[in-house]
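**Q** Right, I'll just put the structure down here and ask away after.
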Amino acid sequence: FDEFVDRRSVAEAITVEPDLGINYEVSWSRKDLKIEFEDHFPDSTTVIIRLETDLSDTRGNNIEAPVTLAISTGDEIDEGEITGKILLAENGKPAPDRRVLLYREPFRLNDKATYQTQTDTGGVFTFSYLAEGNYKALLVDDRNRNKIWEQQNESAYAFYEEVIELPKAGSDTMDVIYTTQVDSIAPKLQGVGLFSQN
């Protein structure tokens with residue numbers, strides 16, 4: 001990094017996809033971050049390591065867009081890409097920091113998503129380095145960031161294009177979703193009134 005990073009923000013900012021169940025350790029040397037995996041990746045697999053916008057420096061400034069690094073244990077890195085945009089319904093402005101989950105067929109929306117990403121300051125999201133296949137995307141208010149749509153507690157918006165058929169090294173642009181502004185202000189009691197003298 002070009003400046004000192006708030007190391008507490010790193011744990012939530014790192015994602016490794018697809019989820020292979022391989023643990024890793026993070027170590028620091030001043031401004032250098034080292035991620036060491038505890039096991040080997042499977043053969044012929046493209047692995048994506050992403051730093052999300054939760055990453056911040058010691059002054060609390062977050063990065064503007066996710067940073068993605070792809071590596072492969074085979075002869076080539078998958079090159080498929082899916083992009084889209086999330087805007088606010090009230091004013092048409094970009095909706096930053098919204099999480100989009102991507103499922104690869106077979107679609108089991110109650111399970112953990114295959115991939116996740118978040119919108120940048122322009123409301124744009126991008127899934128890169130995807131293999132050929134069929135995909136389904138959902139905009140989810142993933143509050144606990146576990147890549148699972150918990151239908152009782154989390155709202156979700158479906159895209160008009162229900163299934164994305166992605167050819168090898170292909171790309172697709174999804175329709176725009178208009179969503180509401182997240183209400184992050186807790187309610188406060190403003191006053192108490194009596195309905196009668198009794």
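Chains: A, B, ... in order of the structure tokens. Residues: from 1 per chain. Ligands: from 1, in order shown.
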Write out as a compact mmCIF listing (two decimals) with C-alpha atoms, in the first residue's frame which residues come within 12 Å of range 117-123 of chain A when counting only C-alpha atoms, dropping same-chain ones fewer than 2 positions away.
**A**
```txt
# COMPACT_ATOMS: atom_id res chain seq x y z
CA ALA A 13 -12.22 -6.57 3.25
CA ILE A 14 -10.57 -9.78 1.93
CA THR A 15 -12.61 -12.30 -0.05
CA VAL A 16 -11.33 -15.43 -1.75
CA GLU A 17 -13.56 -16.97 -4.45
CA ILE A 48 -9.96 -14.61 -7.21
CA ILE A 49 -8.57 -12.61 -4.29
CA ARG A 50 -10.40 -9.32 -3.76
CA LEU A 51 -9.94 -6.36 -1.43
CA GLU A 52 -13.37 -4.77 -0.93
CA THR A 53 -14.09 -1.10 -0.21
CA ASP A 54 -14.25 -1.85 3.52
CA ASN A 62 -11.81 3.74 2.26
CA ILE A 63 -10.67 2.64 -1.19
CA GLU A 64 -13.10 3.75 -3.92
CA ALA A 65 -13.47 0.45 -5.80
CA PRO A 66 -12.65 -3.19 -5.05
CA VAL A 67 -9.19 -4.41 -6.11
CA THR A 68 -9.12 -7.85 -7.73
CA ILE A 82 -20.56 -9.73 -15.88
CA THR A 83 -21.21 -6.05 -15.13
CA GLY A 84 -24.20 -4.03 -13.98
CA LYS A 85 -25.28 -0.87 -12.21
CA ILE A 86 -27.33 -0.08 -9.10
CA LEU A 87 -29.02 3.34 -8.86
CA LEU A 88 -31.19 4.99 -6.21
CA GLY A 92 -31.22 8.19 -10.07
CA LYS A 93 -27.86 8.71 -8.36
CA PRO A 94 -25.34 5.83 -7.96
CA ALA A 95 -25.80 3.46 -5.02
CA PRO A 96 -22.30 2.67 -3.69
CA ASP A 97 -21.34 -0.20 -1.37
CA ARG A 98 -24.24 -2.48 -2.37
CA ARG A 99 -23.56 -6.21 -2.37
CA VAL A 100 -24.41 -8.37 -5.35
CA LEU A 101 -24.34 -12.17 -5.03
CA LEU A 102 -23.68 -14.40 -8.05
CA TYR A 103 -24.69 -18.06 -8.15
CA ALA A 113 -23.21 -17.67 -3.25
CA THR A 114 -20.36 -18.69 -5.55
CA TYR A 115 -19.16 -15.08 -5.92
CA PHE A 125 -20.36 -3.73 -10.05
CA THR A 126 -18.19 -6.19 -11.97
CA PHE A 127 -17.66 -9.93 -11.70
CA SER A 128 -14.40 -10.79 -13.45
CA ALA A 137 -27.37 -12.57 -9.78
CA LEU A 138 -29.18 -11.00 -6.82
CA LEU A 139 -28.78 -7.63 -5.13
CA VAL A 140 -28.88 -8.60 -1.43
CA ASP A 141 -28.72 -6.60 1.78
CA ASP A 142 -26.15 -9.09 3.11
CA ARG A 145 -21.59 -10.61 4.94
CA LYS A 147 -22.72 -14.55 1.14
CA VAL A 176 -29.94 -1.42 -14.09
CA ILE A 177 -31.62 -2.01 -10.73
CA TYR A 178 -33.26 0.95 -9.01
CA THR A 179 -33.25 0.52 -5.26
```
**Q** What's the 12 Å shell around Glu3 in chain A, counting only C-alpha atoms, without same-chain residues fewer than 5 positions away, as a list in words?
**A**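 The residues that qualify are Arg30, Lys31, Asp32, Leu33, Ser56, Asp57, Thr58, Arg59, Gly60, Asn61 and Ile63 of chain A.
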**Q** Return as a CSV table (one decimal) with N, CA and C atoms, in the first residue's frame the full set of residues in range 34-191 of chain A whose backbone-based DSSP assignment is strand (DSSP E).
**A**
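That gives us part_21.csv:
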```csv
chain,number,residue,atom,x,y,z
A,34,LYS,N,0.8,-9.7,3.4
A,34,LYS,CA,1.1,-11.0,2.9
A,34,LYS,C,0.0,-12.0,3.3
A,35,ILE,N,-0.6,-12.7,2.3
A,35,ILE,CA,-1.6,-13.7,2.5
A,35,ILE,C,-1.0,-15.0,2.2
A,36,GLU,N,-1.0,-15.9,3.2
A,36,GLU,CA,-0.4,-17.2,3.0
A,36,GLU,C,-1.5,-18.3,3.2
A,37,PHE,N,-1.8,-19.1,2.2
A,37,PHE,CA,-2.8,-20.2,2.3
A,37,PHE,C,-2.2,-21.4,2.9
A,46,THR,N,-9.4,-21.1,-11.4
A,46,THR,CA,-9.1,-19.7,-11.3
A,46,THR,C,-9.5,-19.3,-9.9
A,47,VAL,N,-8.6,-18.7,-9.1
A,47,VAL,CA,-8.9,-18.2,-7.8
A,47,VAL,C,-8.9,-16.7,-7.8
A,48,ILE,N,-9.9,-16.1,-7.2
A,48,ILE,CA,-10.0,-14.6,-7.2
A,48,ILE,C,-9.8,-14.1,-5.8
A,49,ILE,N,-8.8,-13.2,-5.6
A,49,ILE,CA,-8.6,-12.6,-4.3
A,49,ILE,C,-8.9,-11.1,-4.4
A,50,ARG,N,-9.9,-10.7,-3.6
A,50,ARG,CA,-10.4,-9.3,-3.8
A,50,ARG,C,-10.3,-8.6,-2.5
A,51,LEU,N,-9.9,-7.3,-2.6
A,51,LEU,CA,-9.9,-6.4,-1.4
A,51,LEU,C,-11.1,-5.4,-1.7
A,67,VAL,N,-10.4,-4.0,-5.4
A,67,VAL,CA,-9.2,-4.4,-6.1
A,67,VAL,C,-9.2,-5.9,-6.2
A,68,THR,N,-9.0,-6.4,-7.5
A,68,THR,CA,-9.1,-7.9,-7.7
A,68,THR,C,-7.8,-8.4,-8.3
A,69,LEU,N,-7.4,-9.6,-7.8
A,69,LEU,CA,-6.2,-10.3,-8.3
A,69,LEU,C,-6.7,-11.7,-8.6
A,70,ALA,N,-6.4,-12.2,-9.8
A,70,ALA,CA,-6.8,-13.5,-10.2
A,70,ALA,C,-5.5,-14.4,-10.5
A,71,ILE,N,-5.5,-15.6,-10.0
A,71,ILE,CA,-4.4,-16.5,-10.2
A,71,ILE,C,-5.1,-17.8,-10.7
A,72,SER,N,-4.3,-18.7,-11.4
A,72,SER,CA,-4.8,-19.9,-11.9
A,72,SER,C,-3.8,-21.1,-11.6
A,80,GLY,N,-14.2,-14.6,-18.3
A,80,GLY,CA,-15.6,-14.2,-18.4
A,80,GLY,C,-15.9,-13.0,-17.5
A,81,GLU,N,-16.9,-12.1,-17.9
A,81,GLU,CA,-17.1,-10.9,-17.1
A,81,GLU,C,-18.6,-10.6,-17.1
A,82,ILE,N,-19.2,-10.2,-16.0
A,82,ILE,CA,-20.6,-9.7,-15.9
A,82,ILE,C,-20.5,-8.4,-15.2
A,83,THR,N,-21.2,-7.4,-15.8
A,83,THR,CA,-21.2,-6.0,-15.1
A,83,THR,C,-22.7,-5.6,-15.0
A,84,GLY,N,-22.9,-4.6,-14.2
A,84,GLY,CA,-24.2,-4.0,-14.0
A,84,GLY,C,-24.1,-2.8,-13.2
A,85,LYS,N,-25.3,-2.1,-12.9
A,85,LYS,CA,-25.3,-0.9,-12.2
A,85,LYS,C,-26.5,-0.8,-11.3
A,86,ILE,N,-26.3,-0.3,-10.1
A,86,ILE,CA,-27.3,-0.1,-9.1
A,86,ILE,C,-27.5,1.4,-8.9
A,87,LEU,N,-28.7,1.9,-9.1
A,87,LEU,CA,-29.0,3.3,-8.9
A,87,LEU,C,-30.1,3.5,-7.8
A,88,LEU,N,-30.2,4.7,-7.2
A,88,LEU,CA,-31.2,5.0,-6.2
A,88,LEU,C,-32.5,5.4,-6.9
A,99,ARG,N,-24.1,-4.9,-2.1
A,99,ARG,CA,-23.6,-6.2,-2.4
A,99,ARG,C,-24.4,-7.0,-3.4
A,100,VAL,N,-23.7,-7.6,-4.3
A,100,VAL,CA,-24.4,-8.4,-5.4
A,100,VAL,C,-23.8,-9.8,-5.2
A,101,LEU,N,-24.7,-10.8,-5.1
A,101,LEU,CA,-24.3,-12.2,-5.0
A,101,LEU,C,-24.5,-12.8,-6.4
A,102,LEU,N,-23.6,-13.7,-6.8
A,102,LEU,CA,-23.7,-14.4,-8.0
A,102,LEU,C,-23.6,-15.9,-7.8
A,103,TYR,N,-24.6,-16.6,-8.3
A,103,TYR,CA,-24.7,-18.1,-8.2
A,103,TYR,C,-24.4,-18.7,-9.5
A,104,ARG,N,-23.6,-19.8,-9.5
A,104,ARG,CA,-23.4,-20.6,-10.7
A,104,ARG,C,-24.3,-21.8,-10.6
A,115,TYR,N,-20.0,-16.3,-5.9
A,115,TYR,CA,-19.2,-15.1,-5.9
A,115,TYR,C,-20.0,-13.9,-5.3
A,116,GLN,N,-19.3,-12.9,-4.9
A,116,GLN,CA,-19.9,-11.7,-4.4
A,116,GLN,C,-19.0,-10.5,-4.8
A,117,THR,N,-19.7,-9.4,-5.0
A,117,THR,CA,-18.9,-8.1,-5.2
A,117,THR,C,-19.8,-7.0,-4.7
A,118,GLN,N,-19.2,-5.8,-4.8
A,118,GLN,CA,-20.0,-4.6,-4.3
A,118,GLN,C,-19.8,-3.5,-5.3
A,124,VAL,N,-21.5,0.9,-10.0
A,124,VAL,CA,-21.2,-0.1,-10.9
A,124,VAL,C,-20.6,-1.3,-10.2
A,125,PHE,N,-21.0,-2.5,-10.6
A,125,PHE,CA,-20.4,-3.7,-10.0
A,125,PHE,C,-19.8,-4.6,-11.2
A,126,THR,N,-18.8,-5.3,-10.9
A,126,THR,CA,-18.2,-6.2,-12.0
A,126,THR,C,-17.8,-7.5,-11.4
A,127,PHE,N,-18.2,-8.6,-12.0
A,127,PHE,CA,-17.7,-9.9,-11.7
A,127,PHE,C,-16.7,-10.3,-12.8
A,128,SER,N,-15.4,-10.5,-12.5
A,128,SER,CA,-14.4,-10.8,-13.5
A,128,SER,C,-13.9,-12.2,-13.3
A,129,TYR,N,-13.2,-12.7,-14.3
A,129,TYR,CA,-12.5,-14.0,-14.2
A,129,TYR,C,-13.4,-15.1,-14.0
A,130,LEU,N,-14.6,-15.1,-14.7
A,130,LEU,CA,-15.6,-16.1,-14.6
A,130,LEU,C,-15.4,-17.2,-15.6
A,133,GLY,N,-20.4,-20.8,-18.2
A,133,GLY,CA,-21.5,-21.4,-17.5
A,133,GLY,C,-22.7,-20.5,-17.4
A,134,ASN,N,-23.7,-21.0,-16.7
A,134,ASN,CA,-25.0,-20.2,-16.4
A,134,ASN,C,-24.9,-19.7,-15.0
A,135,TYR,N,-25.3,-18.4,-14.9
A,135,TYR,CA,-25.3,-17.7,-13.6
A,135,TYR,C,-26.6,-16.9,-13.3
A,136,LYS,N,-26.8,-16.7,-12.0
A,136,LYS,CA,-27.9,-15.9,-11.6
A,136,LYS,C,-27.4,-14.9,-10.5
A,137,ALA,N,-27.8,-13.6,-10.7
A,137,ALA,CA,-27.4,-12.6,-9.8
A,137,ALA,C,-28.5,-12.0,-9.0
A,138,LEU,N,-28.2,-11.6,-7.7
A,138,LEU,CA,-29.2,-11.0,-6.8
A,138,LEU,C,-28.5,-9.8,-6.1
A,139,LEU,N,-29.2,-8.7,-6.0
A,139,LEU,CA,-28.8,-7.6,-5.1
A,139,LEU,C,-29.3,-7.9,-3.7
A,140,VAL,N,-28.5,-8.1,-2.8
A,140,VAL,CA,-28.9,-8.6,-1.4
A,140,VAL,C,-28.3,-7.7,-0.4
A,156,ALA,N,-33.9,-8.5,-0.9
A,156,ALA,CA,-33.2,-8.8,-2.1
A,156,ALA,C,-33.9,-8.3,-3.3
A,157,TYR,N,-33.2,-8.0,-4.4
A,157,TYR,CA,-33.8,-7.5,-5.7
A,157,TYR,C,-33.3,-8.4,-6.8
A,158,ALA,N,-34.2,-8.9,-7.6
A,158,ALA,CA,-33.8,-9.8,-8.7
A,158,ALA,C,-33.6,-8.9,-9.9
A,164,ILE,N,-28.0,-15.8,-16.8
A,164,ILE,CA,-27.0,-15.2,-17.7
A,164,ILE,C,-26.2,-16.4,-18.2
A,165,GLU,N,-26.3,-16.6,-19.5
A,165,GLU,CA,-25.5,-17.7,-20.2
A,165,GLU,C,-24.2,-17.1,-20.7
A,166,LEU,N,-23.1,-17.4,-20.0
A,166,LEU,CA,-21.9,-16.8,-20.3
A,166,LEU,C,-21.0,-17.8,-21.0
A,171,SER,N,-18.7,-11.9,-22.2
A,171,SER,CA,-19.1,-10.8,-21.2
A,171,SER,C,-20.6,-10.5,-21.4
A,172,ASP,N,-21.2,-10.0,-20.3
A,172,ASP,CA,-22.6,-9.6,-20.4
A,172,ASP,C,-22.8,-8.4,-19.5
A,173,THR,N,-23.7,-7.5,-19.9
A,173,THR,CA,-24.0,-6.3,-19.1
A,173,THR,C,-25.5,-6.5,-18.7
A,177,ILE,N,-30.6,-1.8,-11.8
A,177,ILE,CA,-31.6,-2.0,-10.7
A,177,ILE,C,-31.7,-0.7,-10.0
A,178,TYR,N,-33.0,-0.2,-9.8
A,178,TYR,CA,-33.3,1.0,-9.0
A,178,TYR,C,-33.7,0.5,-7.6
A,179,THR,N,-33.0,1.0,-6.6
A,179,THR,CA,-33.3,0.5,-5.3
A,179,THR,C,-33.5,1.7,-4.4
```
**Q** Suppose you want the space between CA of Ser27 in chain A and CA of Ile77 in chain A; what is it in Å?
**A** 26.5 Å
**Q** Go through A:Asp75, A:Asp111, A:Glu38, A:Glu90 one by one, measure the shortest atom-to-atom distance of each to Gln151 in chain A using only C-alpha atoms, and give the residue with the smallest value.
**A**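 Comparing A:Asp75, A:Asp111, A:Glu38, A:Glu90 against Gln151 in chain A, the winner is A:Asp111.
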**Q** Considering only helix (DSSP H, G or I) as DSSP defines it on the backbone, what residues of range 3-128 of chain A qualify? List them as a count of residues only.
**A** 7
**Q** Tell me, in Å to one decimal, how far CA of Ala186 in chain A is from CA of Asn91 in chain A.
**A** 22.9 Å
**Q** Return the single residue from A:Val163, A:Thr180, A:Ala131, A:Asn110 that is closest to Ile148 in chain A, with distances computed using only C-alpha atoms.
**A**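 Selected residue with least distance to Ile148 in chain A: A:Asn110.
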